[in-house]
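Novice: My structure file query_13.cif, mmCIF, C-alpha atoms and all ligand atoms; chains and numbers go by the auth columns, is below:
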```cif
data_upload
#
loop_
_atom_site.group_PDB
_atom_site.id
_atom_site.type_symbol
_atom_site.label_atom_id
_atom_site.label_comp_id
_atom_site.label_asym_id
_atom_site.label_seq_id
_atom_site.Cartn_x
_atom_site.Cartn_y
_atom_site.Cartn_z
_atom_site.B_iso_or_equiv
_atom_site.auth_seq_id
_atom_site.auth_asym_id
ATOM 1 C CA MET A 1 -20.868 -1.092 21.584 0.00 1 Y
ATOM 2 C CA THR A 2 -23.728 0.008 19.312 0.00 2 Y
ATOM 3 C CA LYS A 3 -24.790 -2.027 16.304 0.00 3 Y
ATOM 4 C CA ALA A 4 -23.614 0.844 14.094 0.00 4 Y
ATOM 5 C CA GLU A 5 -20.155 0.631 15.676 0.00 5 Y
ATOM 6 C CA LYS A 6 -20.072 -3.133 15.015 0.00 6 Y
ATOM 7 C CA VAL A 7 -20.961 -2.456 11.367 0.00 7 Y
ATOM 8 C CA VAL A 8 -18.240 0.155 11.006 0.00 8 Y
ATOM 9 C CA ASP A 9 -15.591 -1.945 12.766 0.00 9 Y
ATOM 10 C CA ARG A 10 -16.327 -4.962 10.605 0.00 10 Y
ATOM 11 C CA LEU A 11 -16.291 -2.931 7.403 0.00 11 Y
ATOM 12 C CA THR A 12 -13.033 -1.172 8.264 0.00 12 Y
ATOM 13 C CA GLU A 13 -11.486 -4.617 8.855 0.00 13 Y
ATOM 14 C CA ILE A 14 -12.448 -5.404 5.255 0.00 14 Y
ATOM 15 C CA TYR A 15 -11.794 -2.049 3.556 0.00 15 Y
ATOM 16 C CA GLY A 16 -9.209 -0.503 5.872 0.00 16 Y
ATOM 17 C CA HIS A 17 -9.027 2.852 7.614 0.00 17 Y
ATOM 18 C CA LEU A 18 -9.251 4.988 4.516 0.00 18 Y
ATOM 19 C CA SER A 19 -9.648 8.373 6.094 0.00 19 Y
ATOM 20 C CA TRP A 20 -7.561 11.420 5.244 0.00 20 Y
ATOM 21 C CA LYS A 21 -7.174 15.136 5.788 0.00 21 Y
ATOM 22 C CA ASP A 22 -6.657 17.677 3.043 0.00 22 Y
ATOM 23 C CA ASP A 23 -7.152 21.244 1.926 0.00 23 Y
ATOM 24 C CA ALA A 24 -10.844 22.239 1.610 0.00 24 Y
ATOM 25 C CA PHE A 25 -10.766 22.900 -2.135 0.00 25 Y
ATOM 26 C CA ARG A 26 -9.005 19.593 -2.783 0.00 26 Y
ATOM 27 C CA VAL A 27 -11.627 17.754 -0.737 0.00 27 Y
ATOM 28 C CA LEU A 28 -14.314 19.422 -2.824 0.00 28 Y
ATOM 29 C CA VAL A 29 -12.624 18.410 -6.067 0.00 29 Y
ATOM 30 C CA ARG A 30 -12.123 14.850 -4.847 0.00 30 Y
ATOM 31 C CA THR A 31 -15.782 14.603 -3.928 0.00 31 Y
ATOM 32 C CA ILE A 32 -16.741 15.613 -7.459 0.00 32 Y
ATOM 33 C CA LEU A 33 -14.199 13.199 -8.939 0.00 33 Y
ATOM 34 C CA SER A 34 -15.415 10.305 -6.775 0.00 34 Y
ATOM 35 C CA GLN A 35 -18.868 10.264 -8.351 0.00 35 Y
ATOM 36 C CA ASN A 36 -19.398 6.963 -10.172 0.00 36 Y
ATOM 37 C CA THR A 37 -15.888 5.704 -9.557 0.00 37 Y
ATOM 38 C CA ASN A 38 -13.789 4.127 -6.824 0.00 38 Y
ATOM 39 C CA TYR A 39 -11.332 5.506 -4.296 0.00 39 Y
ATOM 40 C CA ARG A 40 -8.245 4.474 -6.303 0.00 40 Y
ATOM 41 C CA ASN A 41 -9.342 6.131 -9.570 0.00 41 Y
ATOM 42 C CA THR A 42 -10.341 9.258 -7.659 0.00 42 Y
ATOM 43 C CA ARG A 43 -6.873 9.487 -6.143 0.00 43 Y
ATOM 44 C CA ILE A 44 -5.132 9.058 -9.512 0.00 44 Y
ATOM 45 C CA ALA A 45 -7.225 11.766 -11.195 0.00 45 Y
ATOM 46 C CA SER A 46 -6.809 14.090 -8.214 0.00 46 Y
ATOM 47 C CA ARG A 47 -3.028 13.609 -8.263 0.00 47 Y
ATOM 48 C CA ASN A 48 -2.935 14.300 -12.010 0.00 48 Y
ATOM 49 C CA LEU A 49 -4.915 17.498 -11.537 0.00 49 Y
ATOM 50 C CA PHE A 50 -3.048 18.946 -8.573 0.00 50 Y
ATOM 51 C CA SER A 51 0.379 18.129 -9.945 0.00 51 Y
ATOM 52 C CA ARG A 52 -0.483 20.490 -12.844 0.00 52 Y
ATOM 53 C CA PHE A 53 -2.753 23.101 -11.167 0.00 53 Y
ATOM 54 C CA LYS A 54 -2.384 24.255 -7.559 0.00 54 Y
ATOM 55 C CA THR A 55 -5.161 26.745 -6.805 0.00 55 Y
ATOM 56 C CA PRO A 56 -8.855 27.332 -7.606 0.00 56 Y
ATOM 57 C CA GLU A 57 -7.790 30.377 -9.600 0.00 57 Y
ATOM 58 C CA GLU A 58 -5.408 28.357 -11.788 0.00 58 Y
ATOM 59 C CA ILE A 59 -8.122 25.760 -12.374 0.00 59 Y
ATOM 60 C CA SER A 60 -10.708 28.426 -13.171 0.00 60 Y
ATOM 61 C CA ASN A 61 -8.462 29.612 -16.039 0.00 61 Y
ATOM 62 C CA ALA A 62 -7.508 26.115 -17.226 0.00 62 Y
ATOM 63 C CA ASP A 63 -8.183 24.768 -20.691 0.00 63 Y
ATOM 64 C CA ILE A 64 -11.142 22.402 -20.338 0.00 64 Y
ATOM 65 C CA GLY A 65 -9.658 19.867 -22.775 0.00 65 Y
ATOM 66 C CA GLU A 66 -6.409 19.654 -20.829 0.00 66 Y
ATOM 67 C CA LEU A 67 -8.300 19.332 -17.563 0.00 67 Y
ATOM 68 C CA ALA A 68 -10.505 16.563 -18.948 0.00 68 Y
ATOM 69 C CA THR A 69 -7.439 14.609 -20.065 0.00 69 Y
ATOM 70 C CA LEU A 70 -5.955 14.825 -16.567 0.00 70 Y
ATOM 71 C CA LEU A 71 -9.252 13.635 -15.066 0.00 71 Y
ATOM 72 C CA ARG A 72 -9.761 10.722 -17.466 0.00 72 Y
ATOM 73 C CA PRO A 73 -8.932 8.012 -14.845 0.00 73 Y
ATOM 74 C CA ALA A 74 -12.009 9.063 -12.833 0.00 74 Y
ATOM 75 C CA GLY A 75 -14.419 8.611 -15.773 0.00 75 Y
ATOM 76 C CA LEU A 76 -17.068 11.122 -16.947 0.00 76 Y
ATOM 77 C CA HIS A 77 -14.034 13.367 -17.351 0.00 77 Y
ATOM 78 C CA ASN A 78 -15.612 15.955 -19.672 0.00 78 Y
ATOM 79 C CA ILE A 79 -18.545 16.531 -17.319 0.00 79 Y
ATOM 80 C CA LYS A 80 -16.333 16.564 -14.235 0.00 80 Y
ATOM 81 C CA ALA A 81 -13.855 18.982 -15.871 0.00 81 Y
ATOM 82 C CA ARG A 82 -16.666 21.416 -16.660 0.00 82 Y
ATOM 83 C CA ARG A 83 -18.096 21.190 -13.126 0.00 83 Y
ATOM 84 C CA ILE A 84 -14.702 21.669 -11.495 0.00 84 Y
ATOM 85 C CA ILE A 85 -13.896 24.744 -13.612 0.00 85 Y
ATOM 86 C CA GLU A 86 -17.310 26.261 -12.832 0.00 86 Y
ATOM 87 C CA ILE A 87 -17.009 25.711 -9.114 0.00 87 Y
ATOM 88 C CA ALA A 88 -13.374 26.903 -9.060 0.00 88 Y
ATOM 89 C CA ARG A 89 -14.581 30.163 -10.652 0.00 89 Y
ATOM 90 C CA LEU A 90 -17.335 30.591 -8.076 0.00 90 Y
ATOM 91 C CA ILE A 91 -14.974 29.984 -5.171 0.00 91 Y
ATOM 92 C CA THR A 92 -12.282 32.267 -6.578 0.00 92 Y
ATOM 93 C CA GLU A 93 -14.815 35.088 -6.972 0.00 93 Y
ATOM 94 C CA LYS A 94 -16.586 34.618 -3.642 0.00 94 Y
ATOM 95 C CA TYR A 95 -13.952 33.377 -1.169 0.00 95 Y
ATOM 96 C CA GLY A 96 -10.531 33.106 -2.757 0.00 96 Y
ATOM 97 C CA ASP A 97 -9.584 30.472 -0.200 0.00 97 Y
ATOM 98 C CA LEU A 98 -12.216 27.898 0.778 0.00 98 Y
ATOM 99 C CA SER A 99 -10.431 27.044 4.034 0.00 99 Y
ATOM 100 C CA LYS A 100 -11.617 30.408 5.428 0.00 100 Y
ATOM 101 C CA VAL A 101 -15.107 28.900 5.380 0.00 101 Y
ATOM 102 C CA THR A 102 -14.276 25.573 7.016 0.00 102 Y
ATOM 103 C CA GLN A 103 -12.573 27.282 9.961 0.00 103 Y
ATOM 104 C CA LYS A 104 -15.892 28.788 11.055 0.00 104 Y
ATOM 105 C CA ASN A 105 -18.346 27.290 13.538 0.00 105 Y
ATOM 106 C CA VAL A 106 -19.705 24.060 12.023 0.00 106 Y
ATOM 107 C CA ASP A 107 -23.274 25.332 11.481 0.00 107 Y
ATOM 108 C CA VAL A 108 -22.135 28.589 9.886 0.00 108 Y
ATOM 109 C CA ALA A 109 -19.556 26.779 7.745 0.00 109 Y
ATOM 110 C CA ARG A 110 -22.158 24.250 6.563 0.00 110 Y
ATOM 111 C CA ALA A 111 -24.631 26.990 5.657 0.00 111 Y
ATOM 112 C CA ASP A 112 -21.925 28.884 3.744 0.00 112 Y
ATOM 113 C CA LEU A 113 -20.890 25.778 1.824 0.00 113 Y
ATOM 114 C CA LEU A 114 -24.502 24.923 0.965 0.00 114 Y
ATOM 115 C CA SER A 115 -24.951 28.436 -0.439 0.00 115 Y
ATOM 116 C CA ILE A 116 -22.373 27.681 -3.141 0.00 116 Y
ATOM 117 C CA LYS A 117 -24.029 26.403 -6.320 0.00 117 Y
ATOM 118 C CA GLY A 118 -23.012 22.801 -6.922 0.00 118 Y
ATOM 119 C CA ILE A 119 -22.363 21.932 -3.265 0.00 119 Y
ATOM 120 C CA GLY A 120 -25.037 19.723 -1.703 0.00 120 Y
ATOM 121 C CA PRO A 121 -25.261 18.277 1.827 0.00 121 Y
ATOM 122 C CA LYS A 122 -22.979 15.292 1.182 0.00 122 Y
ATOM 123 C CA THR A 123 -20.251 17.407 -0.403 0.00 123 Y
ATOM 124 C CA ALA A 124 -20.512 20.056 2.320 0.00 124 Y
ATOM 125 C CA ASP A 125 -20.156 17.382 4.991 0.00 125 Y
ATOM 126 C CA CYS A 126 -17.160 15.790 3.232 0.00 126 Y
ATOM 127 C CA ILE A 127 -15.442 19.184 3.241 0.00 127 Y
ATOM 128 C CA LEU A 128 -16.288 19.770 6.905 0.00 128 Y
ATOM 129 C CA LEU A 129 -15.050 16.327 7.907 0.00 129 Y
ATOM 130 C CA PHE A 130 -11.973 15.854 5.745 0.00 130 Y
ATOM 131 C CA ALA A 131 -10.779 19.479 5.640 0.00 131 Y
ATOM 132 C CA GLY A 132 -12.448 21.286 8.486 0.00 132 Y
ATOM 133 C CA ALA A 133 -11.836 18.811 11.290 0.00 133 Y
ATOM 134 C CA HIS A 134 -15.535 18.994 12.186 0.00 134 Y
ATOM 135 C CA ASP A 135 -17.285 15.883 13.486 0.00 135 Y
ATOM 136 C CA VAL A 136 -19.899 15.209 10.809 0.00 136 Y
ATOM 137 C CA LEU A 137 -20.691 11.988 8.964 0.00 137 Y
ATOM 138 C CA PRO A 138 -21.383 12.593 5.253 0.00 138 Y
ATOM 139 C CA VAL A 139 -24.383 10.649 3.957 0.00 139 Y
ATOM 140 C CA ASP A 140 -24.387 9.782 0.269 0.00 140 Y
ATOM 141 C CA THR A 141 -26.812 7.539 -1.589 0.00 141 Y
ATOM 142 C CA HIS A 142 -25.016 4.343 -0.449 0.00 142 Y
ATOM 143 C CA VAL A 143 -24.810 5.372 3.207 0.00 143 Y
ATOM 144 C CA PHE A 144 -28.473 6.436 3.110 0.00 144 Y
ATOM 145 C CA ARG A 145 -29.631 3.078 1.696 0.00 145 Y
ATOM 146 C CA ILE A 146 -27.439 0.891 3.911 0.00 146 Y
ATOM 147 C CA ALA A 147 -28.384 2.730 7.117 0.00 147 Y
ATOM 148 C CA LYS A 148 -32.012 1.861 6.467 0.00 148 Y
ATOM 149 C CA ARG A 149 -31.432 -1.724 5.367 0.00 149 Y
ATOM 150 C CA LEU A 150 -29.374 -2.386 8.478 0.00 150 Y
ATOM 151 C CA GLY A 151 -31.971 -0.727 10.690 0.00 151 Y
ATOM 152 C CA LEU A 152 -29.572 2.030 11.803 0.00 152 Y
ATOM 153 C CA ALA A 153 -32.057 4.763 10.866 0.00 153 Y
ATOM 154 C CA PRO A 154 -35.877 4.879 10.654 0.00 154 Y
ATOM 155 C CA GLN A 155 -37.315 3.773 7.313 0.00 155 Y
ATOM 156 C CA ASP A 156 -38.972 7.159 6.802 0.00 156 Y
ATOM 157 C CA ALA A 157 -35.867 9.191 7.727 0.00 157 Y
ATOM 158 C CA ASP A 158 -34.760 11.874 5.298 0.00 158 Y
ATOM 159 C CA HIS A 159 -31.128 12.728 4.550 0.00 159 Y
ATOM 160 C CA GLU A 160 -30.659 14.877 7.664 0.00 160 Y
ATOM 161 C CA ALA A 161 -32.356 12.349 9.939 0.00 161 Y
ATOM 162 C CA VAL A 162 -30.114 9.524 8.674 0.00 162 Y
ATOM 163 C CA LYS A 163 -27.071 11.704 9.304 0.00 163 Y
ATOM 164 C CA ILE A 164 -28.183 12.532 12.851 0.00 164 Y
ATOM 165 C CA ALA A 165 -29.022 8.876 13.585 0.00 165 Y
ATOM 166 C CA LEU A 166 -25.606 7.634 12.436 0.00 166 Y
ATOM 167 C CA GLU A 167 -23.684 10.418 14.173 0.00 167 Y
ATOM 168 C CA SER A 168 -25.396 9.533 17.448 0.00 168 Y
ATOM 169 C CA GLN A 169 -24.388 5.844 17.201 0.00 169 Y
ATOM 170 C CA ILE A 170 -20.792 6.018 15.911 0.00 170 Y
ATOM 171 C CA SER A 171 -17.701 7.465 17.613 0.00 171 Y
ATOM 172 C CA PRO A 172 -16.618 10.710 15.884 0.00 172 Y
ATOM 173 C CA GLU A 173 -13.065 9.460 15.272 0.00 173 Y
ATOM 174 C CA LYS A 174 -14.566 6.746 13.038 0.00 174 Y
ATOM 175 C CA PHE A 175 -16.679 9.071 10.851 0.00 175 Y
ATOM 176 C CA GLY A 176 -14.166 9.257 7.993 0.00 176 Y
ATOM 177 C CA SER A 177 -13.512 5.539 7.798 0.00 177 Y
ATOM 178 C CA ALA A 178 -17.223 4.811 8.242 0.00 178 Y
ATOM 179 C CA HIS A 179 -18.164 7.039 5.320 0.00 179 Y
ATOM 180 C CA ILE A 180 -15.635 5.503 2.938 0.00 180 Y
ATOM 181 C CA ALA A 181 -16.159 1.895 4.083 0.00 181 Y
ATOM 182 C CA LEU A 182 -19.960 2.153 3.769 0.00 182 Y
ATOM 183 C CA ILE A 183 -19.611 3.460 0.215 0.00 183 Y
ATOM 184 C CA SER A 184 -17.275 0.595 -0.721 0.00 184 Y
ATOM 185 C CA PHE A 185 -19.679 -1.887 0.892 0.00 185 Y
ATOM 186 C CA GLY A 186 -22.611 -0.347 -0.983 0.00 186 Y
ATOM 187 C CA ARG A 187 -20.823 -0.773 -4.281 0.00 187 Y
ATOM 188 C CA GLU A 188 -19.612 -4.314 -3.628 0.00 188 Y
ATOM 189 C CA TYR A 189 -22.374 -5.983 -1.601 0.00 189 Y
ATOM 190 C CA CYS A 190 -25.340 -3.871 -0.559 0.00 190 Y
ATOM 191 C CA ARG A 191 -26.091 -2.581 -4.040 0.00 191 Y
ATOM 192 C CA ALA A 192 -29.259 -0.636 -4.763 0.00 192 Y
ATOM 193 C CA ARG A 193 -30.446 -3.397 -7.069 0.00 193 Y
ATOM 194 C CA ASN A 194 -29.637 -7.072 -6.522 0.00 194 Y
ATOM 195 C CA PRO A 195 -27.777 -6.806 -3.195 0.00 195 Y
ATOM 196 C CA ARG A 196 -25.462 -9.795 -2.632 0.00 196 Y
ATOM 197 C CA CYS A 197 -27.136 -10.875 0.606 0.00 197 Y
ATOM 198 C CA GLY A 198 -25.971 -14.488 0.244 0.00 198 Y
ATOM 199 C CA GLU A 199 -22.310 -13.439 0.503 0.00 199 Y
ATOM 200 C CA CYS A 200 -22.775 -10.398 2.755 0.00 200 Y
ATOM 201 C CA PRO A 201 -20.301 -10.008 5.654 0.00 201 Y
ATOM 202 C CA LEU A 202 -22.992 -8.162 7.635 0.00 202 Y
ATOM 203 C CA ASP A 203 -25.747 -10.701 7.096 0.00 203 Y
ATOM 204 C CA ASP A 204 -26.073 -11.433 10.838 0.00 204 Y
ATOM 205 C CA LEU A 205 -26.579 -7.706 11.605 0.00 205 Y
ATOM 206 C CA CYS A 206 -29.065 -6.975 8.838 0.00 206 Y
ATOM 207 C CA SER A 207 -32.773 -6.482 9.355 0.00 207 Y
ATOM 208 C CA ALA A 208 -33.676 -6.158 5.646 0.00 208 Y
HETATM 209 S S1 LIG B . -27.759 -8.753 3.998 0.00 1 M
HETATM 210 FE FE1 LIG B . -28.238 -7.795 1.994 0.00 1 M
HETATM 211 S S2 LIG B . -29.495 -5.981 2.462 0.00 1 M
HETATM 212 FE FE2 LIG B . -28.477 -6.628 4.374 0.00 1 M
HETATM 213 S S3 LIG B . -26.602 -5.406 4.486 0.00 1 M
HETATM 214 FE FE3 LIG B . -26.074 -7.339 3.492 0.00 1 M
HETATM 215 S S4 LIG B . -26.272 -6.965 1.297 0.00 1 M
HETATM 216 FE FE4 LIG B . -27.343 -5.290 2.363 0.00 1 M
#
```
Any chance you could put this one into structure tokens?
Ligand code: SF4
Specialist:
Amino acid sequence: MTKAEKVVDRLTEIYGHLSWKDDAFRVLVRTILSQNTNYRNTRIASRNLFSRFKTPEEISNADIGELATLLRPAGLHNIKARRIIEIARLITEKYGDLSKVTQKNVDVARADLLSIKGIGPKTADCILLFAGAHDVLPVDTHVFRIAKRLGLAPQDADHEAVKIALESQISPEKFGSAHIALISFGREYCRARNPRCGECPLDDLCSA
């Protein structure tokens, strides 16, 4: 078993197997909602939104004030409402249904997603993993930092190199849980500033 697998297994014991599958547009919206908040608040705001609006087209025509109210549990709700309306408009105009993109070959699908304004590498990979059933491990700022502190990726690795390093050391069926557990761990213990090394459950595996 690789060190990365040990890290993931220990973290999923703590945080659980929080992986899921969903429609591509909903994954995109959840990824936007999850910024600066936790998994639970993201779920509540997402449920609020999709119990009122079902499609990108409906959201693109929504009243921004109403949308912001529905998204309040996720925080930064005015900013997130504006971003979600903008991206819903883009997707409605360009694709209609985002799942047409995720069904393509992984490299083509990734390139298509990255061509949409507002979708960066992490968001594209979340969509590919959670909606497209492609084996990719999304790397956000927490995953990026932790991979280096734990010595799972070279110190000079860029975003793509960290992603490739992790994907080569972790079993694909664990990618979803690994992504979510590493984010939770980054928020609770391995914070960017003042990491809680004295209480860290991965202390024995860490090379920082
Ligand atoms: S020991 Fe500190 S730096 Fe290492 S993984 Fe734990 S919190 Fe992060």
Novice: Please write out the residues within 8 Å of ligand LIG 1 (chain M) as a list in words, counting only C-alpha atoms and all ligand atoms.
Specialist: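 Taking only C-alpha atoms and all ligand atoms into account, the residues around ligand LIG 1 (chain M) at most 8 Å away are Ile146, Arg149, Leu150, Gly186, Tyr189, Cys190, Arg191, Pro195, Arg196, Cys197, Gly198, Glu199, Cys200, Pro201, Leu202, Asp203, Asp204, Leu205, Cys206, Ser207 and Ala208 of chain Y.
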Novice: Starting from the displayed file, determine the output of the PyMOL selection byres (((chain Y and resi 13) around 12) and not hetatm) and express the residue list as a PyMOL selection string.
Specialist: chain Y and resi 6-12+14-18+177-178+181-182+185+201
Novice: For the PyMOL selection byres (((chain Y and resi 76) around 12) and not hetatm), applied here, can you spell out every residue it catches as a PDB file with C-alpha atoms, keeping the file's coordinate frame?
Specialist:
```pdb
ATOM      1  CA  ILE Y  32     -16.741  15.613  -7.459  1.00  0.00           C
ATOM      2  CA  LEU Y  33     -14.199  13.199  -8.939  1.00  0.00           C
ATOM      3  CA  SER Y  34     -15.415  10.305  -6.775  1.00  0.00           C
ATOM      4  CA  GLN Y  35     -18.868  10.264  -8.351  1.00  0.00           C
ATOM      5  CA  ASN Y  36     -19.398   6.963 -10.172  1.00  0.00           C
ATOM      6  CA  THR Y  37     -15.888   5.704  -9.557  1.00  0.00           C
ATOM      7  CA  ASN Y  41      -9.342   6.131  -9.570  1.00  0.00           C
ATOM      8  CA  THR Y  42     -10.341   9.258  -7.659  1.00  0.00           C
ATOM      9  CA  ALA Y  45      -7.225  11.766 -11.195  1.00  0.00           C
ATOM     10  CA  ALA Y  68     -10.505  16.563 -18.948  1.00  0.00           C
ATOM     11  CA  THR Y  69      -7.439  14.609 -20.065  1.00  0.00           C
ATOM     12  CA  LEU Y  70      -5.955  14.825 -16.567  1.00  0.00           C
ATOM     13  CA  LEU Y  71      -9.252  13.635 -15.066  1.00  0.00           C
ATOM     14  CA  ARG Y  72      -9.761  10.722 -17.466  1.00  0.00           C
ATOM     15  CA  PRO Y  73      -8.932   8.012 -14.845  1.00  0.00           C
ATOM     16  CA  ALA Y  74     -12.009   9.063 -12.833  1.00  0.00           C
ATOM     17  CA  GLY Y  75     -14.419   8.611 -15.773  1.00  0.00           C
ATOM     18  CA  HIS Y  77     -14.034  13.367 -17.351  1.00  0.00           C
ATOM     19  CA  ASN Y  78     -15.612  15.955 -19.672  1.00  0.00           C
ATOM     20  CA  ILE Y  79     -18.545  16.531 -17.319  1.00  0.00           C
ATOM     21  CA  LYS Y  80     -16.333  16.564 -14.235  1.00  0.00           C
ATOM     22  CA  ALA Y  81     -13.855  18.982 -15.871  1.00  0.00           C
ATOM     23  CA  ARG Y  82     -16.666  21.416 -16.660  1.00  0.00           C
ATOM     24  CA  ARG Y  83     -18.096  21.190 -13.126  1.00  0.00           C
TER      25      ARG Y  83
END
```
Novice: Rounded to one decimal place, report the CA of Ala147 (chain Y)-CA of Thr31 (chain Y) distance in Å.
Specialist: 20.5 Å
Novice: Please indicate the distance in Å from CA of Val136 (chain Y) to CA of Ile116 (chain Y), rounded to one decimal place.
Specialist: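 So the two atoms, CA of Val136 (chain Y) and CA of Ile116 (chain Y), lie 18.9 Å apart.
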Novice: Any chance you could work out the residue set of the PyMOL selection byres (((chain Y and resi 100) around 12) and not hetatm) here, as a compact mmCIF listing (two decimals) with C-alpha atoms, in the coordinates of the input?
Specialist:
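Output below, filename part_4.txt:
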```txt
# COMPACT_ATOMS: atom_id res chain seq x y z
CA ASP Y 23 -7.15 21.24 1.93
CA ALA Y 24 -10.84 22.24 1.61
CA PHE Y 25 -10.77 22.90 -2.13
CA ILE Y 91 -14.97 29.98 -5.17
CA LYS Y 94 -16.59 34.62 -3.64
CA TYR Y 95 -13.95 33.38 -1.17
CA GLY Y 96 -10.53 33.11 -2.76
CA ASP Y 97 -9.58 30.47 -0.20
CA LEU Y 98 -12.22 27.90 0.78
CA SER Y 99 -10.43 27.04 4.03
CA VAL Y 101 -15.11 28.90 5.38
CA THR Y 102 -14.28 25.57 7.02
CA GLN Y 103 -12.57 27.28 9.96
CA LYS Y 104 -15.89 28.79 11.06
CA ASN Y 105 -18.35 27.29 13.54
CA VAL Y 108 -22.14 28.59 9.89
CA ALA Y 109 -19.56 26.78 7.74
CA ASP Y 112 -21.92 28.88 3.74
CA LEU Y 113 -20.89 25.78 1.82
CA LEU Y 128 -16.29 19.77 6.90
CA ALA Y 131 -10.78 19.48 5.64
CA GLY Y 132 -12.45 21.29 8.49
```
Novice: Expressed in Å to a single decimal, how great is the separation between CA of Met1 (chain Y) and CA of Asp156 (chain Y)?
Specialist: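 Calculated distance between CA of Met1 (chain Y) and CA of Asp156 (chain Y) is 24.8 Å.
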Novice: Closest to Arg187 (chain Y) among Y:Val143, Y:Ala88, Y:Val29, Y:Ile44, using only C-alpha atoms?
Specialist: Y:Val143
Novice: Calculate, to one decimal in Å, the centre and edge lengths of the box along x, y and z of the file that holds all listed atoms of region 55-61 of chain Y with 6 Å of margin on each side, and present them as JSON.
Specialist:
```
{"center_x": -7.9, "center_y": 28.1, "center_z": -11.4, "size_x": 17.5, "size_y": 16.6, "size_z": 21.2}
```
